[in-house]
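For reference, the structure discussed in these notes is given below.
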Amino acid sequence: MNQAWHSLTAEETATRLDVDLRQGLSETEAGNRLASFGPNEIPATGMRPPWRIFAGQFSGMLVQILIAAAAFALTIGEILEAGVILALVLLNSVLGFLQEARAERALVALRRMAIGQATVQRGGRICEIPADRLVPGDIVLLQTGDGIPADGRLLESIDLSVQESALTGESAPVRKDADAVLEPATALADRTNRVHLGTQVVYGRGSFIVTETGASTALGATARLLESVTAEPTPLQKQLDGLARMLAYGVAGVAVVVLLLGIAGGESFRTMILTAVSLAVAAVPESLTALVAITLAVGAQKMLGQGALIRRLPAVEALGSIEVICADKTGTMTENRMTVSVLDVAEHRLELKLAEPDSGGLAAEIAGHPAIDLLLIGGALCNDGLLENPEDPHGAYRVRGEPTEAALVLAAARGGRLKTALEATLPRIAEIPFDAGRRLMTTVHGPVATDGVGPGVVGRYLDGGRYLVLTKGAVEALLPRADTIWVDGDERVLDAAWRERITRAHDALAEKGMRVLAVGMRRLATLPDKDARAALENGLSFIGLIGIYDPPRPAVTHAIAECRQAGIKAVMITGDHPLTARHIAEEVGIDTAAGVIGGSEIAAMTPAELRETVKRATVFARVAPEDKLRLIEAYQSEGWSVAMTGDGVNDAPALKKADIGIAMGRMGTDVAKEAAQIVLLDDNFATITAAVRQGRAIYDNLIKFIVYLLSCNVSEIAVVTFAPFLGMPLPLLPLQILWMNLVTDGLPALALGMEPAEDDLMERPSQTAGELIFGKQGLYLMLLVGALITELSLGIGFAYWLGGSAAWQTMLLTVLVFSQMAVALALRSRSRPTVQLGWGSNPALLGAVAATVLLQLAIVYLPPLQTAFQTTALSLGDLAVAGASAVAVFLGTERIKLAGFLRQG
Ligand code: ATP
């Protein structure tokens, strides 16, 4: 139904779509429309069907080489070799397929979680529904930070600006106008009375009527999927890919050397070609990339279980190496359960217990103190919160809105000033929305009838004015804009003495951890035109202060202590006053010894000064979103890896800049979620530390199996390369190499990745991703373990060969396989002796090791397998030697590990 909706008025649109603008669709009608139009989602073009995932397994260069090798073996008549190579190809493909399919499923589950909510008007009520249930005809409310969930025609726009770059490529926000009626030929980018799926409200408020959903939207027409969760490669994966490529070339070189040495040593060309190919196959860790991918995806799923939705997979890995967490105070460290606790006006202060429905004679106080009354009225009217049930006979009011605002509406209602009734007499006709930079919000109400009846309760405060301007916000933002103060029904000049008293009263509240809002008013005879609106916030009459308390979250204190142990700096960043910040910081255990740094101080610092400051300070107050960006830059230029939380539109740049951007799932705007790598479903700081712990556990396990696979490969290459130098014939036959590759690469590595998190995870310092494996230390580690296996297996093989034993090759192979199992067992922990771990914690690994040992025994003792793999039965004594060498490798690996090679810092 692609019509020129932009050339219709809002009413015409509503008529076409058969919807009542006051009521919205009924639930039944919405249900019917959902059935006929389908859900509001763009079909996921990124999902691959299973057969394609399976086919994809054969696209790698390595697999193709393997298939070529099998074909070659077949042409020279080595049917068994060809069969085993093909079996290997198939096995690896099945393993790869299972891993990828699981990773893909995990991603789909994450995507499903990431579906947004939309605020709609249905059946006369305002409610929130999952955005995929929107239908044409639905009326959707928009506010700053919302992602626009469908295409539609605007009904109302108040200073509405929309960022449409996802659709039009234009990065500057576009100003919208619900009243415009446009030419049918107007281009998409110029349709100012329309909004589109995939764009975001960066300023203002509004509402629209949905005209298209899902694939019928402009975004759907471009068939571009809105990526809610992406699977881009992590830094570690990129490094591993590079390593695999390097190994492939390196091994090709080694294979040629082995080939030439073998031929020079008198082996047949045929055998040597097969050996070279098998060696290449064995040396390249082909399962590594798939193993890493599945470990990350499964890790992301576990984090979801703990309340952290991973939007970009690299975050899983990056979490393990985070060194600084910069978190908002409100909602992250506190509960965001705001309660008005104190009302403070000239010469009177009232402490409230608003947690209880009967708020202790508040109504009586109002009668005695007009300024208290005005303070409550001002707080409720200059407010976007909605009182949902004004008629509740027990006063158990429900308020929808931002928690600070909701607290004010509730307090007024408890004092008998219902926002709904106030608005009926004094409707809002203009506003300057709150923004975190100005820290002020202003609304204009009226006009008041001139016939003397007046607007009820407020009439007596209006003193003949027809319009009432109400401003609320931070005290230091509001006070300079006020000239008078309201004292017991009179207006007096706001002199220096009054200003000082107000500041003292403010500080006393803030020191108790309260967020303090000042409220002021102004009466106007006429309304200034639109352009002169900014001047409204001047010449105010100060009414009073409202102290709002928001308790710290109980779990945060422990989480912050855990951060300290883990060497992670927990930093509080808040828009609130320094005194409020200090109190809450102390309550949750953040160090305030270095003082509280204010936003204005940050703004005045040079980058070098700021770098010095962030080394010490951990609490920043009155921080504007731009300051957040500078703080991150300061931390990053000190070489620290930073996680930053955010919720507002203005936080998006900081969320993008941080090493990990974390958006609030409940209170956060869609814009912030879009910019973040992680969304916290419960907004809780403790969830961040839980995710860090999980990230470290995952990173730990990645390191374990990467080290395992690579050191095993090193030993395999080394054995085959060095044997000719000892004068030995070919130490391992092609089939034996392939066999070893088959049994040691897959299952034990996968099982190592399942090792449960170690207890001391959060007692170690963070480490930088990739450094351990790709730095010098990692190289030494793999060489040391590889050398240990090589020495033992080659040494024993050499001794048997010298002694003329027919079983020398079988012995060498068995020692290699057993030793590799010993390495797997020793790598279960990176820092602790394996015996301390207990044997029960990773049954998968024990199973994989036992299965591998049994399979090895099978090819050594079962006659048909003996023929196929050209093995010879070993004596019990031989087995004991192989077992003893495995024990030696185990102890040696433990020793290397405990010497600190697997740890950092
Ligand atoms: P935190 O970082 O702790 O989450 P914040 O940065 O979200 O806090 P803001 O919401 O920006 O803090 O509030 C900063 C200041 O702006 C508050 O201390 C208060 O003085 C003022 N303020 C907050 N909300 C409103 C509002 N709805 N109307 C007017 N002023 C407000």
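By order in the structure tokens, chains are A, B, ...; within a chain, residues start at 1; ligands start at 1, following the order shown.
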
Sel. of helix (DSSP H, G or I) residues, segment 655-893 of chain A, as a VMD selection string:
chain A and resid 655 to 657 670 to 675 685 to 726 734 to 745 747 to 752 759 to 763 771 to 774 776 to 802 808 to 826 834 to 837 843 to 861 863 to 869 876 to 893

Polymer residues at most 7 Å from segment 27-42 of chain A, only C-alpha atoms, same-chain spacing of 2 or more positions, as a VMD selection string:
chain A and resid 25 44 122 to 123 131 to 135 213 to 215 220 225

May I ask which of the residues A:Ala293, A:Ala496, A:Leu141, A:Ala585 is the closest one to ligand 1, counting only C-alpha atoms and all ligand atoms?
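That would be A:Ala585, the residue with the smallest distance to ligand 1.
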
Take atom CA of Glu11 of chain A and atom CA of Glu156 of chain A and report the distance between them in Å, one decimal.
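Rounded to one decimal, the two atoms are 11.6 Å apart.
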
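Among the candidate residues A:His6, A:His577, A:Lys353, A:Arg270, the one lying nearest to ligand 1 is A:His577, with distances computed using only C-alpha atoms and all ligand atoms.
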
Can I get the residues close to ligand 1 as JSON, numbers by chain, where close means within 7 Å and we count only C-alpha atoms and all ligand atoms?
{"A": [328, 329, 330, 331, 383, 404, 405, 434, 436, 439, 440, 441, 472, 473, 474, 475, 515, 516, 517, 573, 574, 575, 576, 577, 622, 623]}
